[in-house]
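*Asks:* My structure is stored as model-v3.cif, with mmCIF, C-alpha atoms and all ligand atoms.
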```cif
data_protein
#
loop_
_atom_site.label_atom_id
_atom_site.label_comp_id
_atom_site.auth_asym_id
_atom_site.auth_seq_id
_atom_site.Cartn_x
_atom_site.Cartn_y
_atom_site.Cartn_z
CA MET A 442 138.81 100.97 10.05
CA ILE A 443 140.65 98.41 12.17
CA GLU A 444 144.06 97.73 10.70
CA LYS A 445 146.07 94.52 10.47
CA VAL A 446 149.04 93.89 12.73
CA GLY A 447 152.17 95.63 11.54
CA HIS A 448 150.29 98.50 9.90
CA SER A 449 152.65 101.04 11.42
CA GLU A 450 156.14 101.11 12.89
CA PHE A 451 154.40 101.78 16.20
CA SER A 452 151.84 98.99 16.01
CA VAL A 453 152.41 95.42 17.03
CA ASN A 454 154.15 93.11 14.50
CA GLU A 455 153.29 89.50 13.56
CA LYS A 456 155.42 88.19 16.39
CA GLY A 457 153.61 90.29 18.99
CA PHE A 458 156.35 92.88 19.45
CA TYR A 459 156.57 96.66 19.40
CA GLY A 460 160.20 97.12 18.38
CA GLN A 461 162.06 95.07 20.98
CA PHE A 462 159.17 95.14 23.48
CA GLY A 463 156.13 92.94 24.05
CA GLY A 464 155.86 89.23 23.27
CA ALA A 465 154.19 86.54 25.33
CA PHE A 466 156.47 85.17 28.06
CA ILE A 467 153.92 82.79 29.49
CA PRO A 468 154.06 79.47 31.33
CA GLU A 469 153.50 76.48 29.02
CA MET A 470 150.15 75.74 30.70
CA LEU A 471 148.74 79.07 29.60
CA TYR A 472 149.68 78.62 25.97
CA PRO A 473 146.33 77.22 24.68
CA ASN A 474 144.35 80.11 26.21
CA VAL A 475 146.57 82.82 24.81
CA LYS A 476 146.84 81.07 21.44
CA GLU A 477 143.05 80.86 21.11
CA LEU A 478 142.82 84.59 21.70
CA GLU A 479 145.66 85.39 19.32
CA ASP A 480 144.16 83.25 16.57
CA ASN A 481 140.73 84.85 16.82
CA TYR A 482 140.84 88.43 18.10
CA LEU A 483 141.43 90.25 14.80
CA ARG A 484 138.84 88.21 12.93
CA ILE A 485 136.24 88.92 15.61
CA LEU A 486 137.12 92.61 16.04
CA ASN A 487 136.87 93.12 12.28
CA SER A 488 133.54 91.30 11.93
CA GLU A 489 130.43 93.29 11.16
CA LYS A 490 128.57 91.61 14.01
CA PHE A 491 131.14 92.67 16.59
CA GLN A 492 131.42 96.20 15.21
CA THR A 493 127.65 96.69 15.24
CA GLU A 494 127.30 95.46 18.83
CA PHE A 495 130.39 97.30 20.07
CA ARG A 496 129.44 100.61 18.45
CA GLY A 497 125.85 100.25 19.61
CA LEU A 498 126.80 99.72 23.24
CA LEU A 499 129.42 102.49 23.18
CA LYS A 500 126.70 104.84 21.98
CA ASP A 501 123.68 103.86 24.05
CA TYR A 502 125.22 102.27 27.15
CA VAL A 503 128.51 104.14 27.61
CA GLY A 504 127.24 107.43 26.21
CA ARG A 505 129.76 107.93 23.42
CA PRO A 506 130.96 109.91 21.64
CA SER A 507 132.45 111.62 24.67
CA PRO A 508 132.58 115.39 24.13
CA LEU A 509 135.72 117.21 23.05
CA TYR A 510 135.39 120.33 25.15
CA PHE A 511 137.23 123.60 24.47
CA ALA A 512 138.46 124.72 27.88
CA LYS A 513 138.39 128.48 27.51
CA ARG A 514 139.69 129.58 30.88
CA LEU A 515 142.39 126.91 30.97
CA SER A 516 143.41 128.01 27.46
CA GLU A 517 143.69 131.64 28.54
CA LYS A 518 145.78 130.70 31.52
CA TYR A 519 148.28 128.55 29.59
CA GLY A 520 148.34 130.44 26.29
CA ALA A 521 147.24 127.62 23.98
CA GLN A 522 144.05 126.17 22.51
CA ILE A 523 143.30 123.49 25.08
CA TYR A 524 140.64 120.82 24.55
CA LEU A 525 139.60 118.18 27.05
CA LYS A 526 138.56 114.73 25.80
CA ARG A 527 135.80 113.95 28.30
CA GLU A 528 136.26 110.25 29.09
CA ASP A 529 135.13 111.23 32.60
CA LEU A 530 131.58 111.42 31.25
CA ASN A 531 131.47 107.75 30.26
CA HIS A 532 129.23 105.36 32.18
CA THR A 533 131.26 104.20 35.24
CA GLY A 534 133.27 107.43 35.05
CA ALA A 535 136.39 106.57 33.08
CA HIS A 536 137.79 105.15 29.85
CA LYS A 537 138.11 101.61 31.23
CA VAL A 538 134.61 100.58 30.14
CA ASN A 539 135.55 100.98 26.43
CA ASN A 540 137.84 98.01 26.87
CA THR A 541 135.61 95.83 29.05
CA ILE A 542 132.66 96.21 26.67
CA GLY A 543 134.85 95.12 23.77
CA GLN A 544 136.39 92.19 25.61
CA ILE A 545 133.11 90.81 26.90
CA LEU A 546 131.71 90.80 23.35
CA LEU A 547 134.88 89.03 22.24
CA ALA A 548 134.46 86.49 25.06
CA LYS A 549 130.87 85.84 24.01
CA GLU A 550 131.96 85.22 20.41
CA LEU A 551 134.56 82.75 21.70
CA GLY A 552 131.77 80.88 23.52
CA LYS A 553 132.98 81.77 27.02
CA THR A 554 130.54 81.87 29.93
CA ARG A 555 132.76 83.02 32.76
CA ILE A 556 134.90 86.14 33.19
CA ILE A 557 137.86 86.69 35.47
CA ALA A 558 139.81 89.88 36.11
CA GLU A 559 142.37 91.29 38.49
CA THR A 560 142.12 94.74 39.96
CA GLY A 561 144.30 97.02 42.09
CA ALA A 562 142.34 100.17 42.81
CA GLY A 563 139.10 98.46 41.85
CA GLN A 564 138.33 100.64 38.83
CA HIS A 565 138.93 97.85 36.31
CA GLY A 566 137.08 95.42 38.60
CA VAL A 567 134.03 97.68 38.59
CA ALA A 568 134.17 98.14 34.79
CA THR A 569 134.38 94.35 34.41
CA ALA A 570 131.59 93.62 36.91
CA THR A 571 129.44 96.17 35.07
CA VAL A 572 129.68 94.49 31.67
CA CYS A 573 129.26 91.02 33.23
CA ALA A 574 125.94 92.14 34.71
CA LEU A 575 125.01 93.58 31.33
CA MET A 576 125.83 90.31 29.53
CA ASN A 577 124.70 87.92 32.25
CA MET A 578 128.13 86.36 32.70
CA GLU A 579 129.65 84.93 35.84
CA CYS A 580 132.30 87.34 37.15
CA VAL A 581 135.21 86.64 39.49
CA VAL A 582 137.53 89.52 40.40
CA TYR A 583 140.84 88.86 42.14
CA MET A 584 142.03 91.62 44.41
CA GLY A 585 144.87 91.86 46.93
CA ALA A 586 143.64 91.56 50.52
CA VAL A 587 145.36 94.86 51.35
CA ASP A 588 143.66 96.58 48.41
CA ILE A 589 140.27 95.20 49.44
CA VAL A 590 140.58 97.13 52.70
CA ARG A 591 141.99 100.28 51.02
CA GLN A 592 139.39 100.41 48.24
CA GLU A 593 136.23 99.47 50.07
CA PRO A 594 133.70 101.51 48.02
CA ASN A 595 134.79 99.80 44.79
CA VAL A 596 134.57 96.38 46.45
CA LYS A 597 131.00 97.20 47.48
CA ARG A 598 130.20 98.32 43.93
CA MET A 599 131.49 95.06 42.47
CA LEU A 600 129.42 93.04 44.94
CA MET A 601 126.30 95.07 44.14
CA LEU A 602 126.89 94.36 40.46
CA GLY A 603 126.89 90.64 41.21
CA ALA A 604 130.61 89.90 41.00
CA LYS A 605 132.52 87.64 43.35
CA VAL A 606 135.59 89.35 44.84
CA VAL A 607 138.34 86.91 45.82
CA PRO A 608 141.14 88.18 48.10
CA ALA A 609 144.75 87.40 47.14
CA GLU A 610 146.50 86.59 50.40
CA SER A 611 150.04 85.91 49.17
CA GLY A 612 153.07 88.25 48.90
CA SER A 613 152.35 91.93 49.42
CA LYS A 614 148.61 91.20 48.96
CA THR A 615 148.33 93.82 46.22
CA LEU A 616 147.90 93.96 42.43
CA LYS A 617 150.71 91.63 41.35
CA ASP A 618 149.47 88.94 43.74
CA ALA A 619 145.93 89.33 42.42
CA THR A 620 147.35 88.92 38.89
CA ASN A 621 149.04 85.67 39.90
CA GLU A 622 145.75 84.33 41.28
CA ALA A 623 143.89 85.29 38.10
CA ILE A 624 146.48 83.51 35.94
CA ARG A 625 146.20 80.41 38.14
CA ASP A 626 142.42 80.47 37.70
CA TRP A 627 142.75 80.82 33.92
CA ILE A 628 145.12 77.85 33.71
CA ASN A 629 142.58 75.77 35.63
CA ASN A 630 139.61 76.92 33.52
CA PRO A 631 140.87 77.14 29.94
CA VAL A 632 137.64 76.24 28.15
CA ASP A 633 134.85 78.35 29.62
CA THR A 634 136.74 81.37 30.99
CA HIS A 635 138.00 84.62 29.45
CA TYR A 636 140.49 86.78 31.35
CA ILE A 637 139.79 90.51 30.89
CA ILE A 638 143.03 92.44 31.31
CA GLY A 639 142.46 96.13 32.05
CA SER A 640 145.36 97.93 30.36
CA VAL A 641 147.79 97.61 27.42
CA VAL A 642 149.84 95.12 29.41
CA GLY A 643 150.18 91.33 29.63
CA PRO A 644 151.11 88.82 26.92
CA HIS A 645 150.44 89.46 23.23
CA PRO A 646 147.72 89.92 21.98
CA TYR A 647 146.39 91.82 25.01
CA PRO A 648 148.32 95.08 24.53
CA ASP A 649 147.17 95.28 20.91
CA LEU A 650 143.62 94.16 21.73
CA VAL A 651 143.20 96.78 24.46
CA ALA A 652 144.82 99.54 22.36
CA ARG A 653 142.44 98.83 19.47
CA LEU A 654 139.40 98.91 21.76
CA GLN A 655 140.53 102.17 23.36
CA SER A 656 141.44 103.67 19.97
CA VAL A 657 137.85 104.91 19.75
CA ILE A 658 139.17 107.87 21.80
CA SER A 659 141.49 109.19 19.08
CA GLU A 660 139.08 108.14 16.34
CA GLU A 661 136.59 110.58 17.85
CA ILE A 662 139.19 113.29 18.53
CA LYS A 663 139.97 113.29 14.80
CA TRP A 664 136.46 114.03 13.57
CA GLN A 665 135.65 116.26 16.51
CA LEU A 666 138.68 118.46 15.74
CA GLN A 667 137.77 118.44 12.06
CA GLU A 668 134.35 119.80 13.01
CA LYS A 669 135.70 122.38 15.42
CA ILE A 670 138.88 123.68 13.80
CA GLY A 671 138.77 122.25 10.28
CA ARG A 672 141.85 120.07 10.81
CA ASP A 673 141.74 116.50 12.02
CA TYR A 674 144.79 116.46 14.27
CA PRO A 675 146.09 118.50 17.21
CA ASP A 676 149.65 119.70 17.79
CA VAL A 677 149.88 117.91 21.12
CA VAL A 678 148.03 115.05 22.82
CA VAL A 679 148.61 114.64 26.56
CA ALA A 680 147.61 111.58 28.60
CA CYS A 681 148.59 109.99 31.90
CA VAL A 682 150.19 106.54 31.89
CA GLY A 683 149.65 103.80 34.43
CA GLY A 684 149.74 100.69 32.26
CA GLY A 685 148.98 103.02 29.39
CA SER A 686 145.54 102.19 27.97
CA ASN A 687 143.99 105.66 27.96
CA ALA A 688 147.21 107.07 26.49
CA ALA A 689 147.35 104.32 23.83
CA GLY A 690 143.75 105.07 22.91
CA ALA A 691 144.33 108.82 22.73
CA PHE A 692 147.55 108.42 20.69
CA TYR A 693 146.47 105.55 18.43
CA HIS A 694 145.30 107.36 15.28
CA PHE A 695 148.11 109.91 15.54
CA LEU A 696 151.01 107.46 15.94
CA ASP A 697 152.16 107.86 12.33
CA ASN A 698 151.46 111.60 12.11
CA LYS A 699 154.77 113.02 13.28
CA LYS A 700 153.30 116.51 13.37
CA VAL A 701 151.47 115.43 16.53
CA GLN A 702 153.53 115.43 19.71
CA LEU A 703 152.51 112.57 22.00
CA VAL A 704 153.04 113.39 25.67
CA ALA A 705 152.85 110.61 28.26
CA VAL A 706 152.75 111.71 31.89
CA GLU A 707 153.88 109.23 34.52
CA ALA A 708 153.31 109.47 38.25
CA ALA A 709 156.41 110.75 40.03
CA GLY A 710 154.87 110.19 43.47
CA LEU A 711 156.99 112.10 45.99
CA GLY A 712 159.60 112.70 43.25
CA VAL A 713 161.49 110.71 40.60
CA ASN A 714 164.59 110.70 42.79
CA THR A 715 162.83 109.28 45.85
CA ASP A 716 161.91 105.63 46.47
CA LYS A 717 158.23 106.63 46.53
CA THR A 718 157.61 106.92 42.81
CA ALA A 719 155.91 105.24 39.86
CA ALA A 720 157.86 107.06 37.11
CA THR A 721 158.71 103.93 35.16
CA THR A 722 160.70 105.35 32.25
CA ALA A 723 162.69 107.64 34.57
CA ARG A 724 163.57 104.89 37.02
CA GLY A 725 163.00 101.60 35.25
CA THR A 726 165.10 99.17 33.26
CA GLU A 727 164.24 96.58 30.63
CA GLY A 728 162.82 93.29 31.76
CA VAL A 729 159.73 91.10 31.80
CA ILE A 730 156.61 91.87 33.81
CA HIS A 731 153.20 90.25 33.37
CA ALA A 732 154.49 88.12 30.50
CA SER A 733 155.64 91.07 28.43
CA ARG A 734 159.10 92.50 27.73
CA THR A 735 159.02 96.18 28.62
CA ILE A 736 160.45 98.78 30.98
CA LEU A 737 159.77 98.28 34.68
CA MET A 738 161.01 99.31 38.08
CA GLN A 739 163.08 96.46 39.46
CA THR A 740 166.06 95.80 41.68
CA GLU A 741 169.38 94.65 40.21
CA ASP A 742 168.39 91.03 40.73
CA GLY A 743 165.03 91.50 39.04
CA GLN A 744 162.69 91.89 42.01
CA ILE A 745 159.81 94.25 41.28
CA VAL A 746 160.03 97.52 43.21
CA GLU A 747 156.77 98.58 44.88
CA PRO A 748 155.61 101.75 43.15
CA HIS A 749 154.01 104.74 44.82
CA SER A 750 151.52 107.27 43.54
CA ILE A 751 148.76 109.27 45.17
CA SER A 752 146.52 107.96 42.40
CA ALA A 753 145.76 104.27 42.69
CA GLY A 754 145.36 103.86 38.92
CA LEU A 755 148.93 104.97 38.19
CA ASP A 756 150.45 102.88 40.96
CA TYR A 757 151.95 100.29 38.59
CA PRO A 758 155.65 99.30 38.35
CA GLY A 759 155.71 98.91 34.54
CA ILE A 760 154.30 100.36 31.33
CA GLY A 761 152.75 98.61 28.37
CA PRO A 762 155.19 97.55 25.61
CA ILE A 763 153.77 100.08 23.15
CA HIS A 764 154.87 102.85 25.50
CA ALA A 765 158.28 101.31 26.08
CA HIS A 766 158.66 101.44 22.28
CA LEU A 767 157.38 105.03 22.03
CA PHE A 768 159.87 105.98 24.74
CA LYS A 769 162.84 104.14 23.29
CA SER A 770 162.19 105.36 19.74
CA GLU A 771 161.62 108.89 21.06
CA ARG A 772 158.30 109.10 19.22
CA GLY A 773 156.71 109.83 22.60
CA THR A 774 157.66 112.56 25.08
CA PHE A 775 157.75 111.02 28.55
CA VAL A 776 157.45 113.33 31.53
CA SER A 777 156.20 112.98 35.09
CA ALA A 778 154.19 114.87 37.67
CA THR A 779 154.45 114.55 41.44
CA ASP A 780 151.58 113.90 43.83
CA ASP A 781 151.53 117.57 44.88
CA GLU A 782 151.69 118.96 41.33
CA SER A 783 148.84 116.70 40.29
CA VAL A 784 146.55 117.52 43.20
CA GLU A 785 147.17 121.20 42.51
CA ALA A 786 146.34 120.73 38.82
CA GLY A 787 143.17 118.88 39.86
CA PHE A 788 142.07 121.79 42.06
CA GLU A 789 142.84 124.21 39.28
CA LEU A 790 140.52 122.40 36.86
CA CYS A 791 137.76 122.50 39.49
CA ARG A 792 138.07 126.24 39.87
CA LEU A 793 138.67 127.19 36.25
CA GLU A 794 136.33 124.81 34.45
CA GLY A 795 134.00 123.30 37.04
CA ILE A 796 135.27 119.78 36.46
CA ILE A 797 136.62 117.51 39.21
CA PRO A 798 139.12 115.21 37.47
CA ALA A 799 140.32 111.80 38.60
CA LEU A 800 143.73 112.06 40.27
CA GLU A 801 145.14 110.02 37.38
CA SER A 802 143.89 112.57 34.84
CA ALA A 803 145.18 115.40 37.06
CA HIS A 804 148.69 114.13 36.26
CA ALA A 805 148.08 114.84 32.58
CA LEU A 806 146.77 118.31 33.47
CA ALA A 807 149.89 119.00 35.54
CA TYR A 808 151.88 118.94 32.30
CA LEU A 809 150.26 122.21 31.18
CA LYS A 810 152.26 124.15 33.75
CA LYS A 811 155.58 122.71 32.52
CA ALA A 812 154.98 122.89 28.79
CA LYS A 813 155.94 125.75 26.49
CA PHE A 814 153.10 126.32 24.04
CA LYS A 815 152.57 128.80 21.26
CA LYS A 816 149.26 130.63 21.36
CA ASP A 817 147.82 128.77 18.36
CA ASP A 818 148.92 125.31 19.49
CA VAL A 819 146.01 122.91 19.65
CA VAL A 820 146.44 120.73 22.74
CA VAL A 821 144.17 117.81 23.62
CA VAL A 822 144.33 116.55 27.20
CA ASN A 823 142.71 113.17 27.69
CA LEU A 824 140.57 113.50 30.81
CA SER A 825 140.59 109.77 31.55
CA GLY A 826 138.17 109.82 34.49
CA ARG A 827 136.16 111.78 37.00
CA GLY A 828 137.28 112.57 40.52
CA ASP A 829 134.38 111.40 42.66
CA LYS A 830 136.34 108.32 43.70
CA ASP A 831 139.20 110.57 44.87
CA LEU A 832 137.22 113.01 47.01
CA ALA A 833 138.68 111.78 50.30
CA THR A 834 142.24 112.36 49.05
CA TYR A 835 141.41 115.78 47.61
CA ILE A 836 139.69 116.85 50.82
CA LYS A 837 142.65 115.80 52.93
CA TYR A 838 144.87 118.07 50.83
CA PHE A 839 142.33 120.87 50.84
CA ASP A 840 142.16 120.86 54.64
CA GLN A 841 145.95 120.93 54.87
CA GLU A 842 146.12 123.80 52.39
CA LYS A 843 143.86 125.91 54.59
CA LYS A 844 146.02 125.37 57.69
C1 LIG B 901 142.95 103.01 35.59
C2 LIG B 901 142.98 104.45 35.27
C3 LIG B 901 144.09 105.06 34.65
C4 LIG B 901 145.37 104.32 34.37
O1 LIG B 901 145.27 103.26 33.48
P1 LIG B 901 145.84 103.33 32.00
O2 LIG B 901 145.76 101.94 31.52
O3 LIG B 901 147.22 103.87 32.08
O4 LIG B 901 144.96 104.25 31.25
C5 LIG B 901 144.02 106.40 34.32
N1 LIG B 901 142.92 107.13 34.60
C6 LIG B 901 141.84 106.60 35.19
C7 LIG B 901 140.67 107.48 35.48
C8 LIG B 901 141.83 105.25 35.55
O5 LIG B 901 140.75 104.73 36.16
#
```
What is this structure when it is put down as structure tokens?
Ligand SMILES: *Cc1c(COP(=O)(O)O)cnc(C)c1O
*Replies:*
Amino acid sequence: MIEKVGHSEFSVNEKGFYGQFGGAFIPEMLYPNVKELEDNYLRILNSEKFQTEFRGLLKDYVGRPSPLYFAKRLSEKYGAQIYLKREDLNHTGAHKVNNTIGQILLAKELGKTRIIAETGAGQHGVATATVCALMNMECVVYMGAVDIVRQEPNVKRMLMLGAKVVPAESGSKTLKDATNEAIRDWINNPVDTHYIIGSVVGPHPYPDLVARLQSVISEEIKWQLQEKIGRDYPDVVVACVGGGSNAAGAFYHFLDNKKVQLVAVEAAGLGVNTDKTAATTARGTEGVIHASRTILMQTEDGQIVEPHSISAGLDYPGIGPIHAHLFKSERGTFVSATDDESVEAGFELCRLEGIIPALESAHALAYLKKAKFKKDDVVVVNLSGRGDKDLATYIKYFDQEKK
């Protein structure tokens, strides 16, 4: 069920690379921590004990399997058979908890008693604080001081769940500064602490670890489609990409099936040709970010360019190495959606299907308008999260629309 490394040309190889991307470009001091994880993660993930606990919690705590819902009115509008993978119905409202549940079980097996994480929008921080409460583990979440002000409700949630939220006061006081603080903490606490990374980014083995934990999404899509249409694969899978964990999970079991088109939607912000964008493959170049060789938005001398997206979860200047490889090898179709297109697609889903999507997921939905489908095409859109957290942004647009 869980394959070895190198099982596919699109999975990680023994050296921790996807094609030319990935690796572990870490400071010497971090080597023992990362090595311990690398040496143990596959053994633990493949163990019966882990699988039983992981599957049990996904079922009874997260509420999996998440439904695969045939969106009738959306299908009529776009002339295809459109299904929504309802990750928005998970406990905590998004796919992120699939990963944090898996990693906290892994941490427990490694004998760790303390969890650290970094968060930008606060979604990963909340998913981490949630599983720490569940497992009675100490939880420290690093967050940029600017983000703490911008994302107050999520900060309050983390505190309610018993986590400690530590502001990162250096640099731009946002996600990358919080990441630096988390790495510093991990170097200082190598024995008792596990660092839960929230997407398919960071040094090997994190991208592979997170992709495997999120692969439950496509594992379910396969049997759910088999039940519904008598065929266990769609023609198209669409997912938004910030770091790329929900997309990696939705693509995972279809990577080697070339009949399935894999569509990754990046956040164009105000437009790919403006300086307010997060469309990494459109604007980025190859380099190293968060200890991994990938594609990122950087200046000519290698300074990271601040990204922009209306959705906090897609506001990231890089993509995970698996996606850099899917892009470079042309196995994946990389497109983008602007802030406006995405908000519009979000409103459309509200009115046609009675579902308020996260602004991140609305980017994936925005692809429907641009795509050319045949009537019988089976299209799965990964609805990565629900939109409650984005109400203020939606309402601001709604009020403007009425004027
Ligand atoms: C965090 C988040 C994303 C972006 O993260 P990925 O790792 O790219 O999946 C997308 N959707 C939602 C709802 C999120 O919370």
*Asks:* Identify, counting all atoms listed in the file, the protein, DNA and RNA residues located within 9 Å of ligand LIG 901 (chain B), and give them as number ranges by chain.
*Replies:* A: 528-529, 534-537, 561-565, 639-642, 680-690, 707, 752-757, 760-761, 798-803, 824-828
*Asks:* How many Å separate CA of Asp831 (chain A) from CA of Ile797 (chain A)?
*Replies:*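 Result for CA of Asp831 (chain A) versus CA of Ile797 (chain A): 9.3 Å, one decimal.
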*Asks:* As a PyMOL selection string, please: the residues near Phe451 (chain A) (cut-off 12 Å, all atoms listed in the file, same-chain neighbours under 5 positions excluded).
*Replies:* chain A and resi 446+457-463+649+652+689+692-699+762-773
*Asks:* Using only C-alpha atoms, please write the residues we just selected to a file, as a PDB file, in the frame of the given file.
*Replies:*
```
ATOM      1  CA  VAL A 446     149.040  93.890  12.730  1.00  0.00           C
ATOM      2  CA  GLY A 457     153.610  90.290  18.990  1.00  0.00           C
ATOM      3  CA  PHE A 458     156.350  92.880  19.450  1.00  0.00           C
ATOM      4  CA  TYR A 459     156.570  96.660  19.400  1.00  0.00           C
ATOM      5  CA  GLY A 460     160.200  97.120  18.380  1.00  0.00           C
ATOM      6  CA  GLN A 461     162.060  95.070  20.980  1.00  0.00           C
ATOM      7  CA  PHE A 462     159.170  95.140  23.480  1.00  0.00           C
ATOM      8  CA  GLY A 463     156.130  92.940  24.050  1.00  0.00           C
ATOM      9  CA  ASP A 649     147.170  95.280  20.910  1.00  0.00           C
ATOM     10  CA  ALA A 652     144.820  99.540  22.360  1.00  0.00           C
ATOM     11  CA  ALA A 689     147.350 104.320  23.830  1.00  0.00           C
ATOM     12  CA  PHE A 692     147.550 108.420  20.690  1.00  0.00           C
ATOM     13  CA  TYR A 693     146.470 105.550  18.430  1.00  0.00           C
ATOM     14  CA  HIS A 694     145.300 107.360  15.280  1.00  0.00           C
ATOM     15  CA  PHE A 695     148.110 109.910  15.540  1.00  0.00           C
ATOM     16  CA  LEU A 696     151.010 107.460  15.940  1.00  0.00           C
ATOM     17  CA  ASP A 697     152.160 107.860  12.330  1.00  0.00           C
ATOM     18  CA  ASN A 698     151.460 111.600  12.110  1.00  0.00           C
ATOM     19  CA  LYS A 699     154.770 113.020  13.280  1.00  0.00           C
ATOM     20  CA  PRO A 762     155.190  97.550  25.610  1.00  0.00           C
ATOM     21  CA  ILE A 763     153.770 100.080  23.150  1.00  0.00           C
ATOM     22  CA  HIS A 764     154.870 102.850  25.500  1.00  0.00           C
ATOM     23  CA  ALA A 765     158.280 101.310  26.080  1.00  0.00           C
ATOM     24  CA  HIS A 766     158.660 101.440  22.280  1.00  0.00           C
ATOM     25  CA  LEU A 767     157.380 105.030  22.030  1.00  0.00           C
ATOM     26  CA  PHE A 768     159.870 105.980  24.740  1.00  0.00           C
ATOM     27  CA  LYS A 769     162.840 104.140  23.290  1.00  0.00           C
ATOM     28  CA  SER A 770     162.190 105.360  19.740  1.00  0.00           C
ATOM     29  CA  GLU A 771     161.620 108.890  21.060  1.00  0.00           C
ATOM     30  CA  ARG A 772     158.300 109.100  19.220  1.00  0.00           C
ATOM     31  CA  GLY A 773     156.710 109.830  22.600  1.00  0.00           C
TER      32      GLY A 773
END
```
*Asks:* Please report, as JSON, the centre and edge lengths in Å to one decimal of an axis-aligned box covering all listed atoms of region 495-499 of chain A with 4 Å per side.
*Replies:*
```
{"center_x": 128.1, "center_y": 99.9, "center_z": 20.8, "size_x": 12.5, "size_y": 13.2, "size_z": 12.8}
```
*Asks:* Could you check how far CA of Ile751 (chain A) sits from CA of Lys813 (chain A), in Å to one decimal?
*Replies:*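 Interatomic distance here is 25.9 Å.
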*Asks:* Quick one, how far is CA of Val704 (chain A) from CA of Ile836 (chain A)?
*Replies:*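 For CA of Val704 (chain A) relative to CA of Ile836 (chain A), the distance reads 28.7 Å.
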*Asks:* From the list A:Thr721, A:Asn481, A:Gln702, A:Asn539, which residue is nearest Gly552 (chain A) when using only C-alpha atoms?
*Replies:*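 Among the listed residues, A:Asn481 lies closest to Gly552 (chain A).
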*Asks:* Mind running region 710-742 of chain A against region 466-473 of chain A at 9 Å and telling me each contacting residue's nearest atom pair with the distance in Å (one decimal), counting all atoms listed in the file, chain and number ascending, as JSON lines?
*Replies:*
```
{"residue": "A:Val729", "atom": "CA", "partner": "A:Phe466", "partner_atom": "CA", "distance": 7.7}
{"residue": "A:Ile730", "atom": "CA", "partner": "A:Phe466", "partner_atom": "CA", "distance": 8.8}
{"residue": "A:His731", "atom": "CA", "partner": "A:Phe466", "partner_atom": "CA", "distance": 8.0}
{"residue": "A:Ala732", "atom": "CA", "partner": "A:Phe466", "partner_atom": "CA", "distance": 4.3}
{"residue": "A:Ser733", "atom": "CA", "partner": "A:Phe466", "partner_atom": "CA", "distance": 6.0}
{"residue": "A:Arg734", "atom": "CA", "partner": "A:Phe466", "partner_atom": "CA", "distance": 7.8}
```
*Asks:* Which one is closest to Gln667 (chain A): A:Val776, A:Val503, A:Leu509, A:Ala807? Count only C-alpha atoms.
*Replies:* A:Leu509
*Asks:* Write out as a VMD selection string each polymer residue whose atoms come within 12 Å of Gly612 (chain A), counting only C-alpha atoms; drop sequence neighbours fewer than 4 positions from it.
*Replies:* chain A and resid 585 to 587 608 616 to 622 745 747
*Asks:* Check the smallest atom-to-atom distance from each of A:Gly447, A:Asn823, A:Lys518, A:Lys605 to Leu530 (chain A) using all atoms listed in the file, then report the winner.
*Replies:*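 Residue with the minimum atom-to-atom distance to Leu530 (chain A): A:Asn823.
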*Asks:* Residues near Lys700 (chain A), anyone? I mean within 12 Å using only C-alpha atoms, not counting same-chain ones fewer than 6 positions away, as an MDAnalysis selection string.
*Replies:* chainID A and resid 673:678 772:773 818:819
*Asks:* Where atoms are absent from region 630-639 of chain A, fill them in so it carries N, CA and C atoms, then output it as a PDB file, keeping the file's coordinate frame.
*Replies:*
```pdb
ATOM      1  N   ASN A 630     140.904  76.830  34.219  1.00  0.00           N
ATOM      2  CA  ASN A 630     139.610  76.920  33.520  1.00  0.00           C
ATOM      3  C   ASN A 630     139.788  77.412  32.075  1.00  0.00           C
ATOM      4  N   PRO A 631     140.518  76.641  31.272  1.00  0.00           N
ATOM      5  CA  PRO A 631     140.870  77.140  29.940  1.00  0.00           C
ATOM      6  C   PRO A 631     139.703  77.167  28.947  1.00  0.00           C
ATOM      7  N   VAL A 632     138.682  76.381  29.174  1.00  0.00           N
ATOM      8  CA  VAL A 632     137.640  76.240  28.150  1.00  0.00           C
ATOM      9  C   VAL A 632     136.553  77.288  28.270  1.00  0.00           C
ATOM     10  N   ASP A 633     136.038  77.493  29.491  1.00  0.00           N
ATOM     11  CA  ASP A 633     134.850  78.350  29.620  1.00  0.00           C
ATOM     12  C   ASP A 633     135.146  79.780  30.036  1.00  0.00           C
ATOM     13  N   THR A 634     136.437  80.093  30.344  1.00  0.00           N
ATOM     14  CA  THR A 634     136.740  81.370  30.990  1.00  0.00           C
ATOM     15  C   THR A 634     137.561  82.308  30.091  1.00  0.00           C
ATOM     16  N   HIS A 635     137.180  83.586  30.077  1.00  0.00           N
ATOM     17  CA  HIS A 635     138.000  84.620  29.450  1.00  0.00           C
ATOM     18  C   HIS A 635     138.546  85.535  30.545  1.00  0.00           C
ATOM     19  N   TYR A 636     139.814  85.904  30.394  1.00  0.00           N
ATOM     20  CA  TYR A 636     140.490  86.780  31.350  1.00  0.00           C
ATOM     21  C   TYR A 636     140.516  88.188  30.749  1.00  0.00           C
ATOM     22  N   ILE A 637     139.799  89.127  31.371  1.00  0.00           N
ATOM     23  CA  ILE A 637     139.790  90.510  30.890  1.00  0.00           C
ATOM     24  C   ILE A 637     140.899  91.298  31.568  1.00  0.00           C
ATOM     25  N   ILE A 638     141.942  91.603  30.795  1.00  0.00           N
ATOM     26  CA  ILE A 638     143.030  92.440  31.310  1.00  0.00           C
ATOM     27  C   ILE A 638     142.651  93.901  31.066  1.00  0.00           C
ATOM     28  N   GLY A 639     143.006  94.776  32.027  1.00  0.00           N
ATOM     29  CA  GLY A 639     142.460  96.130  32.050  1.00  0.00           C
ATOM     30  C   GLY A 639     143.313  97.218  31.428  1.00  0.00           C
TER      31      GLY A 639
END
```
